[in-house]
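Take a look at the structure set out below.
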2 protein chains.
Amino acid sequence: MSGYVRALAQQARDASVVLAALDGDARRCLIETMAAQLDSSSASILSANAEDLGRGEAAGLSAAMLDRLRLDPSRLSAIAAALREVAAQADPLGEVTRRETRPNGLVIERQRVPLGLIAMIYEARPNVTADAAALCLKAGNAVLLRGGSEARASNAAIAACLHAALREQGLPAAAVSLIEDPAREHVLELLQLSDLVDLAIPRGGEGLIRFVAEHARVPVIKHYKGVCHLYVDRAADLDLALGLLIDGKASRPGVCNALETLLVHRDIAADFVPRALAALAGREVQVRGCERTRALATGVLADAVQAADEADYAAEYLDLIIAAKVVDGLDEALAHIARFGSDHTEVIATEDAATAEAFVRGTRSSAVMVNASSRFNDGGQLGLGAEIGISTTRLHAYGPMGVESLTIERFVVRGVGQVRHAESHS
Amino acid sequence: MSGYVRALAQQARDASVVLAALDGDARRCLIETMAAQLDSSSASILSANAEDLGRGEAAGLSAAMLDRLRLDPSRLSAIAAALREVAAQADPLGEVTRRETRPNGLVIERQRVPLGLIAMIYEARPNVTADAAALCLKAGNAVLLRGGSEARASNAAIAACLHAALREQGLPAAAVSLIEDPAREHVLELLQLSDLVDLAIPRGGEGLIRFVAEHARVPVIKHYKGVCHLYVDRAADLDLALGLLIDGKASRPGVCNALETLLVHRDIAADFVPRALAALAGREVQVRGCERTRALATGVLADAVQAADEADYAAEYLDLIIAAKVVDGLDEALAHIARFGSDHTEVIATEDAATAEAFVRGTRSSAVMVNASSRFNDGGQLGLGAEIGISTTRLHAYGPMGVESLTIERFVVRGVGQVRHAESHS
């Protein structure tokens, strides 16, 4: 341990006290100033990004990786716009969420306060640097950012804008602290700082998340893979189900709320499966199916379905591939989801209200959709505003995490001298 | 790793699915049956407890430890009564905590669901076996219990009653699983089971809690020490402040919400400190004071105050000892609390509303009391009913944890076929 990260974290922790004491207007104004700084520094950010892209191309990064890394004037404007949206959200702090007067006259309030210092450990996309900082600051937290080495120059240029805004508002720049040296030993050091870091949020590939979970001594909320299921019930509207299938799989296959497995009730399989296969083929989606699914692939689709194995049902493809299985009914669908699901998002298409409720009760995922696309499991779509990620950890927050998830409720008790044991009075 | 604990945890995990599917009446009835079983098995529980006490005496356990271990008919009745109180609480599950309709017609609900499988790791008091099980079951969770070796026979006898109640209700006994072999390697194995255990709650001495925090790969909520402060402001009602001091320190010094440090504004120190010292002496409380405190100990109290050092300000005495310091004002009091506090409970005595609010804003503890005793930081006193502990972890729950803290909100989305990208429609 070099002590480099502890020193950074201590400064950020000290800054968190200043942040927590700001009123809502000051936090809103700070984030708006950050957006303005990003707008006025676009040239230097794009130049830094070009440096990262050049290094990435030389290092042979994939086209998908380079695309995630790439900034352009329109993406930069979108980042600034996202910051303004966060700034405009209602202030999550100070709100008294409950108030109760006890028989002894004590007034018990629950009050939202910041978590303190949040560590974000992420990869690739440089927009996370700005987004995560804004969300943490909006909730009165300081943030310690460790981005990926491939976005090093871009992240530093964006952080410079955020620091300029903090200084402009007379606030400590350490409220947004960037670990500029991407050495993994620094992540290890960060994950040990249980006296300074209140929460670590890893975002990225499975390897990064496992590394963080394995080594953390600080609390971690995981944003893990999405093996999302669509169950088409016997009582489904099949046109509606087809719409959910194509939106869920083909509209953006590389995201965690995309569908990975289709489960079809056997009673409607002969009707639905051929239509589904044709629609999937029309969107160039490959299918890995069970025997019953394959038996329904006839005519021009005769060779369209590869045989699925267990690994296919467990896979998060993040690609134009879907697993498909015909099931005997709701119980088999729920058992399949319990075995292969990742607690992310499950969807049922059914017109039968009792079956819908049994599906809701029978799944433990963070979001369950009745006749709606899995792609709606997103903070913006669910009304939270911007999100810092989608938690599949069943603690503190479960599902999309917005600003409110970066706060905690505490107790404020107001009395007139009440004591617990009357005989204590002198 | 023997696999013994993994097998237990897997059975408990399977049972958690059955628990989560029960309705509120069934969970209430189950806990009432447990209370009845405890009542009707008092002879065998007391006999098992006598065995533990005999072994404990032979092993030279302290009188305080033996007292915590001891059960008698009245303590057993109190345990059964506590279970009936938990049973009678409102059902925390299924409640829709928020509902919103989005512009696209999606209805977004937040719904409370159980956490899943909770591991309790605790020491001494056998009542925790029954209390923790009831609280976890009330919230639809299964529980894996690992009590201390000194209470081994008592815990097994209580668990036998809980199992009898589960079987009587046609439910899997594994919903309450007891690790009967207290070997520490089993705790280690338990703490690695991140695929099975949703939350671990350690309750006990600092050594136990540090051990759990150090080795856990599962989420942990700590119930850590309470270094609680009373700040007597310049604008305090001194009689009221004296009542808070004596209740906070002397009514039950061995608990985590007892006061450990008194901070006094210099402007009223000459008036308050001598009265405080006299009252504390009257309750046989030793004082470790700063120079200014000691200078105010005159007359019969001339030798009553030992000099305090840094260790005294950091100490959780859990005894009839208190540290005392005269401060220049609110800022010094807040700085002292920030340095030595444990995020548990802080109290201010003041009649000045602005000072009270500044104190509330300036502390980050789980509970802050204005003109009320620190001893009210307790689930029952704050209106939560029974508590599973007091969290000083700033995540998920902060302060006393009742039944609701053993649940999590998830998203249920109801639509009529909405998709995110209209062009996805086939």
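Here, A, B, ... name the chains of the structure tokens in the order displayed, residue numbers run from 1 inside each chain, and ligands are numbered from 1 in the same displayed order.
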Legend entry - Ala26 of chain A environment, 10 Å, only C-alpha atoms, sequence neighbours closer than 6 positions dropped, as a ChimeraX atom specification: /A:19,32,138,169
Inset, instruction - Write out as a PyMOL selection string the residues lying within 10 Å of Ala119 of chain A, counting only C-alpha atoms and excluding same-chain residues fewer than 2 positions away. - result: chain A and resi 9+117+121-122+132+136+142-146+177-178+187+190-191+197-202+218+220
Taking a cut-off of 6 Å and counting only C-alpha atoms, can you build a table that, for each residue of chain B near chain A, reports the nearest atom pair and how far apart they are in Å (one decimal), sorted by chain then residue number, as JSON lines?
{"residue": "B:Leu240", "atom": "CA", "partner": "A:Gly417", "partner_atom": "CA", "distance": 5.3}
{"residue": "B:Gly243", "atom": "CA", "partner": "A:His425", "partner_atom": "CA", "distance": 4.8}
{"residue": "B:Ile246", "atom": "CA", "partner": "A:Ser424", "partner_atom": "CA", "distance": 5.7}
{"residue": "B:Asp247", "atom": "CA", "partner": "A:Ser424", "partner_atom": "CA", "distance": 4.9}
{"residue": "B:Ser366", "atom": "CA", "partner": "A:Arg410", "partner_atom": "CA", "distance": 5.1}
{"residue": "B:Ala367", "atom": "CA", "partner": "A:Phe411", "partner_atom": "CA", "distance": 4.6}
{"residue": "B:Val368", "atom": "CA", "partner": "A:Val412", "partner_atom": "CA", "distance": 5.0}
{"residue": "B:Met369", "atom": "CA", "partner": "A:Val413", "partner_atom": "CA", "distance": 4.7}
{"residue": "B:Val370", "atom": "CA", "partner": "A:Arg414", "partner_atom": "CA", "distance": 4.8}
{"residue": "B:Asn371", "atom": "CA", "partner": "A:Gly417", "partner_atom": "CA", "distance": 4.9}
{"residue": "B:Ala372", "atom": "CA", "partner": "A:Gly415", "partner_atom": "CA", "distance": 5.0}
{"residue": "B:Ser373", "atom": "CA", "partner": "A:Val419", "partner_atom": "CA", "distance": 5.1}
{"residue": "B:His396", "atom": "CA", "partner": "A:His396", "partner_atom": "CA", "distance": 3.7}
{"residue": "B:Tyr398", "atom": "CA", "partner": "A:Arg410", "partner_atom": "CA", "distance": 5.7}
{"residue": "B:Arg410", "atom": "CA", "partner": "A:Ser366", "partner_atom": "CA", "distance": 5.1}
{"residue": "B:Phe411", "atom": "CA", "partner": "A:Ala367", "partner_atom": "CA", "distance": 4.5}
{"residue": "B:Val412", "atom": "CA", "partner": "A:Val368", "partner_atom": "CA", "distance": 5.0}
{"residue": "B:Val413", "atom": "CA", "partner": "A:Met369", "partner_atom": "CA", "distance": 4.7}
{"residue": "B:Arg414", "atom": "CA", "partner": "A:Val370", "partner_atom": "CA", "distance": 4.8}
{"residue": "B:Gly415", "atom": "CA", "partner": "A:Ala372", "partner_atom": "CA", "distance": 5.0}
{"residue": "B:Val416", "atom": "CA", "partner": "A:Asn371", "partner_atom": "CA", "distance": 5.3}
{"residue": "B:Gly417", "atom": "CA", "partner": "A:Asn371", "partner_atom": "CA", "distance": 4.8}
{"residue": "B:Gln418", "atom": "CA", "partner": "A:Ala372", "partner_atom": "CA", "distance": 5.1}
{"residue": "B:Val419", "atom": "CA", "partner": "A:Ser373", "partner_atom": "CA", "distance": 5.2}
{"residue": "B:Ser424", "atom": "CA", "partner": "A:Asp247", "partner_atom": "CA", "distance": 4.9}
{"residue": "B:His425", "atom": "CA", "partner": "A:Gly243", "partner_atom": "CA", "distance": 4.9}
Same residues, C-alpha atoms, output as a PDB file, in the first residue's frame:
ATOM      1  CA  LEU B 240     -33.040  19.378  32.099  1.00  0.00           C
ATOM      2  CA  GLY B 243     -31.616  14.796  33.971  1.00  0.00           C
ATOM      3  CA  ILE B 246     -27.845  10.992  34.821  1.00  0.00           C
ATOM      4  CA  ASP B 247     -30.337   8.998  32.716  1.00  0.00           C
ATOM      5  CA  SER B 366     -27.557   7.574  13.274  1.00  0.00           C
ATOM      6  CA  ALA B 367     -29.605   9.323  15.935  1.00  0.00           C
ATOM      7  CA  VAL B 368     -29.392  12.861  17.204  1.00  0.00           C
ATOM      8  CA  MET B 369     -31.440  13.908  20.211  1.00  0.00           C
ATOM      9  CA  VAL B 370     -32.502  17.446  21.073  1.00  0.00           C
ATOM     10  CA  ASN B 371     -33.346  17.697  24.776  1.00  0.00           C
ATOM     11  CA  ALA B 372     -33.955  13.952  25.056  1.00  0.00           C
ATOM     12  CA  SER B 373     -31.950  11.118  26.580  1.00  0.00           C
ATOM     13  CA  HIS B 396     -29.485   0.259   4.025  1.00  0.00           C
ATOM     14  CA  TYR B 398     -28.824   3.591  10.015  1.00  0.00           C
ATOM     15  CA  ARG B 410     -38.186  -3.537  -5.654  1.00  0.00           C
ATOM     16  CA  PHE B 411     -39.900  -2.333  -8.825  1.00  0.00           C
ATOM     17  CA  VAL B 412     -43.101  -3.774 -10.267  1.00  0.00           C
ATOM     18  CA  VAL B 413     -44.062  -2.274 -13.626  1.00  0.00           C
ATOM     19  CA  ARG B 414     -47.495  -2.769 -15.186  1.00  0.00           C
ATOM     20  CA  GLY B 415     -48.112  -1.970 -18.840  1.00  0.00           C
ATOM     21  CA  VAL B 416     -50.240  -2.754 -21.847  1.00  0.00           C
ATOM     22  CA  GLY B 417     -47.448  -3.715 -24.206  1.00  0.00           C
ATOM     23  CA  GLN B 418     -45.280  -0.590 -24.036  1.00  0.00           C
ATOM     24  CA  VAL B 419     -41.877  -0.896 -25.730  1.00  0.00           C
ATOM     25  CA  SER B 424     -39.101  -2.527 -32.553  1.00  0.00           C
ATOM     26  CA  HIS B 425     -42.699  -3.494 -33.279  1.00  0.00           C
TER      27      HIS B 425
END
Legend entry - Nearest to Ser2 of chain B by atom-to-atom distance, counting only C-alpha atoms, from B:Tyr313, B:Ala88, B:Glu185, B:Ala59: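 Under the stated criterion, the closest residue is B:Glu185.
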Inset, instruction - Using DSSP on the backbone, list every residue of segment 39-171 of chain A that comes out as helix (DSSP H, G or I), and give them as JSON, numbers by chain. - result: {"A": [39, 40, 42, 43, 44, 45, 46, 47, 48, 49, 50, 51, 52, 53, 54, 55, 56, 57, 58, 63, 64, 65, 66, 67, 68, 69, 73, 74, 75, 76, 77, 78, 79, 80, 81, 82, 83, 84, 85, 86, 87, 88, 127, 128, 129, 130, 131, 132, 133, 134, 135, 136, 137, 138, 149, 150, 151, 152, 153, 154, 155, 156, 157, 158, 159, 160, 161, 162, 163, 164, 165, 166, 167, 168]}
Env of Ala157 of chain B: 7 Å cut, atoms = only C-alpha atoms, seq-sep filter 6 positions within chain, self excluded. Answer as a PDB file with C-alpha atoms, in the first residue's frame.
ATOM      1  CA  SER B  44     -36.542 -28.158  29.056  1.00  0.00           C
ATOM      2  CA  ILE B  45     -35.194 -24.699  28.153  1.00  0.00           C
ATOM      3  CA  ALA B  48     -30.551 -26.642  29.105  1.00  0.00           C
TER       4      ALA B  48
END
Output as a PDB file with N, CA and C atoms, in the first residue's frame all residues of segment 76-248 of chain A that backbone DSSP marks as strand (DSSP E or B).
ATOM      1  N   VAL A  96     -37.885  15.370   5.567  1.00  0.00           N
ATOM      2  CA  VAL A  96     -38.342  14.527   6.675  1.00  0.00           C
ATOM      3  C   VAL A  96     -39.310  13.517   6.080  1.00  0.00           C
ATOM      4  N   THR A  97     -38.881  12.253   6.027  1.00  0.00           N
ATOM      5  CA  THR A  97     -39.674  11.244   5.326  1.00  0.00           C
ATOM      6  C   THR A  97     -40.808  10.710   6.199  1.00  0.00           C
ATOM      7  N   ARG A  98     -40.622  10.753   7.506  1.00  0.00           N
ATOM      8  CA  ARG A  98     -41.687  10.341   8.418  1.00  0.00           C
ATOM      9  C   ARG A  98     -41.573  11.154   9.694  1.00  0.00           C
ATOM     10  N   ARG A  99     -42.691  11.344  10.341  1.00  0.00           N
ATOM     11  CA  ARG A  99     -42.683  12.063  11.629  1.00  0.00           C
ATOM     12  C   ARG A  99     -43.753  11.433  12.504  1.00  0.00           C
ATOM     13  N   GLU A 100     -43.400  11.168  13.740  1.00  0.00           N
ATOM     14  CA  GLU A 100     -44.339  10.507  14.642  1.00  0.00           C
ATOM     15  C   GLU A 100     -44.143  11.086  16.033  1.00  0.00           C
ATOM     16  N   THR A 101     -45.222  11.302  16.761  1.00  0.00           N
ATOM     17  CA  THR A 101     -45.106  11.735  18.161  1.00  0.00           C
ATOM     18  C   THR A 101     -45.410  10.543  19.054  1.00  0.00           C
ATOM     19  N   VAL A 107     -40.855  13.702  19.645  1.00  0.00           N
ATOM     20  CA  VAL A 107     -41.158  13.764  18.217  1.00  0.00           C
ATOM     21  C   VAL A 107     -40.016  13.064  17.470  1.00  0.00           C
ATOM     22  N   ILE A 108     -40.363  11.967  16.778  1.00  0.00           N
ATOM     23  CA  ILE A 108     -39.362  11.162  16.078  1.00  0.00           C
ATOM     24  C   ILE A 108     -39.432  11.493  14.597  1.00  0.00           C
ATOM     25  N   GLU A 109     -38.349  11.988  14.052  1.00  0.00           N
ATOM     26  CA  GLU A 109     -38.308  12.267  12.612  1.00  0.00           C
ATOM     27  C   GLU A 109     -37.292  11.354  11.937  1.00  0.00           C
ATOM     28  N   ARG A 110     -37.567  10.996  10.692  1.00  0.00           N
ATOM     29  CA  ARG A 110     -36.550  10.372   9.851  1.00  0.00           C
ATOM     30  C   ARG A 110     -36.127  11.420   8.837  1.00  0.00           C
ATOM     31  N   GLN A 111     -34.838  11.546   8.690  1.00  0.00           N
ATOM     32  CA  GLN A 111     -34.312  12.619   7.860  1.00  0.00           C
ATOM     33  C   GLN A 111     -33.265  12.048   6.903  1.00  0.00           C
ATOM     34  N   ARG A 112     -33.336  12.467   5.641  1.00  0.00           N
ATOM     35  CA  ARG A 112     -32.357  11.988   4.657  1.00  0.00           C
ATOM     36  C   ARG A 112     -31.051  12.750   4.776  1.00  0.00           C
ATOM     37  N   VAL A 113     -29.964  11.993   4.879  1.00  0.00           N
ATOM     38  CA  VAL A 113     -28.625  12.592   4.928  1.00  0.00           C
ATOM     39  C   VAL A 113     -27.757  11.887   3.888  1.00  0.00           C
ATOM     40  N   PRO A 114     -26.631  12.499   3.489  1.00  0.00           N
ATOM     41  CA  PRO A 114     -25.754  11.856   2.494  1.00  0.00           C
ATOM     42  C   PRO A 114     -25.118  10.595   3.074  1.00  0.00           C
ATOM     43  N   LEU A 117     -18.769   9.384   1.624  1.00  0.00           N
ATOM     44  CA  LEU A 117     -17.808   9.287   0.513  1.00  0.00           C
ATOM     45  C   LEU A 117     -18.103   8.025  -0.283  1.00  0.00           C
ATOM     46  N   ILE A 118     -18.340   8.217  -1.575  1.00  0.00           N
ATOM     47  CA  ILE A 118     -18.670   7.104  -2.464  1.00  0.00           C
ATOM     48  C   ILE A 118     -17.515   6.900  -3.445  1.00  0.00           C
ATOM     49  N   ALA A 119     -17.104   5.649  -3.595  1.00  0.00           N
ATOM     50  CA  ALA A 119     -16.055   5.319  -4.570  1.00  0.00           C
ATOM     51  C   ALA A 119     -16.700   4.668  -5.787  1.00  0.00           C
ATOM     52  N   MET A 120     -16.422   5.218  -6.976  1.00  0.00           N
ATOM     53  CA  MET A 120     -16.905   4.634  -8.232  1.00  0.00           C
ATOM     54  C   MET A 120     -15.712   3.997  -8.930  1.00  0.00           C
ATOM     55  N   ILE A 121     -15.864   2.744  -9.292  1.00  0.00           N
ATOM     56  CA  ILE A 121     -14.794   2.024  -9.995  1.00  0.00           C
ATOM     57  C   ILE A 121     -15.399   1.547 -11.304  1.00  0.00           C
ATOM     58  N   TYR A 122     -14.917   2.075 -12.421  1.00  0.00           N
ATOM     59  CA  TYR A 122     -15.619   1.849 -13.685  1.00  0.00           C
ATOM     60  C   TYR A 122     -14.635   1.720 -14.836  1.00  0.00           C
ATOM     61  N   ALA A 142     -19.238  13.312  -1.283  1.00  0.00           N
ATOM     62  CA  ALA A 142     -18.013  13.428  -2.074  1.00  0.00           C
ATOM     63  C   ALA A 142     -17.836  12.117  -2.830  1.00  0.00           C
ATOM     64  N   VAL A 143     -17.026  12.162  -3.899  1.00  0.00           N
ATOM     65  CA  VAL A 143     -16.850  10.963  -4.716  1.00  0.00           C
ATOM     66  C   VAL A 143     -15.385  10.781  -5.076  1.00  0.00           C
ATOM     67  N   LEU A 144     -14.973   9.527  -5.041  1.00  0.00           N
ATOM     68  CA  LEU A 144     -13.617   9.142  -5.419  1.00  0.00           C
ATOM     69  C   LEU A 144     -13.766   8.286  -6.665  1.00  0.00           C
ATOM     70  N   LEU A 145     -13.204   8.752  -7.789  1.00  0.00           N
ATOM     71  CA  LEU A 145     -13.419   8.105  -9.085  1.00  0.00           C
ATOM     72  C   LEU A 145     -12.168   7.363  -9.528  1.00  0.00           C
ATOM     73  N   ARG A 146     -12.351   6.134  -9.953  1.00  0.00           N
ATOM     74  CA  ARG A 146     -11.252   5.404 -10.567  1.00  0.00           C
ATOM     75  C   ARG A 146     -11.784   4.821 -11.867  1.00  0.00           C
ATOM     76  N   VAL A 176     -14.508  15.978  -5.636  1.00  0.00           N
ATOM     77  CA  VAL A 176     -14.471  15.024  -6.756  1.00  0.00           C
ATOM     78  C   VAL A 176     -13.004  14.657  -6.947  1.00  0.00           C
ATOM     79  N   SER A 177     -12.621  13.494  -6.431  1.00  0.00           N
ATOM     80  CA  SER A 177     -11.209  13.097  -6.491  1.00  0.00           C
ATOM     81  C   SER A 177     -11.039  11.974  -7.488  1.00  0.00           C
ATOM     82  N   LEU A 178     -10.056  12.127  -8.358  1.00  0.00           N
ATOM     83  CA  LEU A 178      -9.813  11.155  -9.412  1.00  0.00           C
ATOM     84  C   LEU A 178      -8.498  10.436  -9.118  1.00  0.00           C
ATOM     85  N   LEU A 199     -19.234   3.626   0.645  1.00  0.00           N
ATOM     86  CA  LEU A 199     -19.837   2.742  -0.353  1.00  0.00           C
ATOM     87  C   LEU A 199     -18.952   2.712  -1.584  1.00  0.00           C
ATOM     88  N   ALA A 200     -18.755   1.511  -2.130  1.00  0.00           N
ATOM     89  CA  ALA A 200     -18.063   1.374  -3.418  1.00  0.00           C
ATOM     90  C   ALA A 200     -19.052   0.826  -4.432  1.00  0.00           C
ATOM     91  N   ILE A 201     -19.072   1.435  -5.615  1.00  0.00           N
ATOM     92  CA  ILE A 201     -19.953   0.991  -6.694  1.00  0.00           C
ATOM     93  C   ILE A 201     -19.091   0.629  -7.891  1.00  0.00           C
ATOM     94  N   PRO A 202     -18.956  -0.665  -8.197  1.00  0.00           N
ATOM     95  CA  PRO A 202     -18.234  -1.042  -9.401  1.00  0.00           C
ATOM     96  C   PRO A 202     -19.189  -1.077 -10.593  1.00  0.00           C
ATOM     97  N   ARG A 203     -18.752  -0.537 -11.714  1.00  0.00           N
ATOM     98  CA  ARG A 203     -19.540  -0.656 -12.947  1.00  0.00           C
ATOM     99  C   ARG A 203     -18.624  -1.056 -14.074  1.00  0.00           C
ATOM    100  N   VAL A 220     -20.216  -2.717  -0.659  1.00  0.00           N
ATOM    101  CA  VAL A 220     -20.268  -2.693  -2.121  1.00  0.00           C
ATOM    102  C   VAL A 220     -21.709  -2.914  -2.561  1.00  0.00           C
ATOM    103  N   CYS A 228     -32.005 -11.566 -18.391  1.00  0.00           N
ATOM    104  CA  CYS A 228     -33.406 -11.161 -18.271  1.00  0.00           C
ATOM    105  C   CYS A 228     -34.282 -12.091 -19.114  1.00  0.00           C
ATOM    106  N   HIS A 229     -35.438 -12.444 -18.532  1.00  0.00           N
ATOM    107  CA  HIS A 229     -36.336 -13.411 -19.171  1.00  0.00           C
ATOM    108  C   HIS A 229     -37.650 -12.757 -19.596  1.00  0.00           C
ATOM    109  N   LEU A 230     -38.184 -13.225 -20.738  1.00  0.00           N
ATOM    110  CA  LEU A 230     -39.574 -12.934 -21.124  1.00  0.00           C
ATOM    111  C   LEU A 230     -40.332 -14.253 -21.098  1.00  0.00           C
ATOM    112  N   TYR A 231     -41.388 -14.312 -20.278  1.00  0.00           N
ATOM    113  CA  TYR A 231     -42.250 -15.490 -20.253  1.00  0.00           C
ATOM    114  C   TYR A 231     -43.558 -15.150 -20.964  1.00  0.00           C
ATOM    115  N   VAL A 232     -43.827 -15.871 -22.064  1.00  0.00           N
ATOM    116  CA  VAL A 232     -45.062 -15.665 -22.816  1.00  0.00           C
ATOM    117  C   VAL A 232     -46.055 -16.721 -22.342  1.00  0.00           C
TER     118      VAL A 232
END
Legend entry - B:Arg84, B:Arg125, B:Arg210, B:Lys225 ranked by distance to Glu316 of chain B, top pick (using only C-alpha atoms):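 Distance minimum relative to Glu316 of chain B lands on B:Lys225.
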Legend entry - Polymer residues at most 8 Å from Leu46 of chain B, only C-alpha atoms, same-chain spacing of 5 or more positions, as a list in words: Leu71, Asp72, Pro73 and Ser154 of chain B
Legend entry - Residue nearest Ala15 of chain B among B:Asn141, B:Gln306, B:Thr355, B:Thr293 (counting only C-alpha atoms):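 Residue with the minimum atom-to-atom distance to Ala15 of chain B: B:Asn141.
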Inset, instruction - Find the residues near Gly289 of chain A: any atom within 9 Å, counting only C-alpha atoms, skip ones fewer than 3 places away on the same chain, and give them as a PyMOL selection string. - result: chain A and resi 292-294+305-309+312+322-326
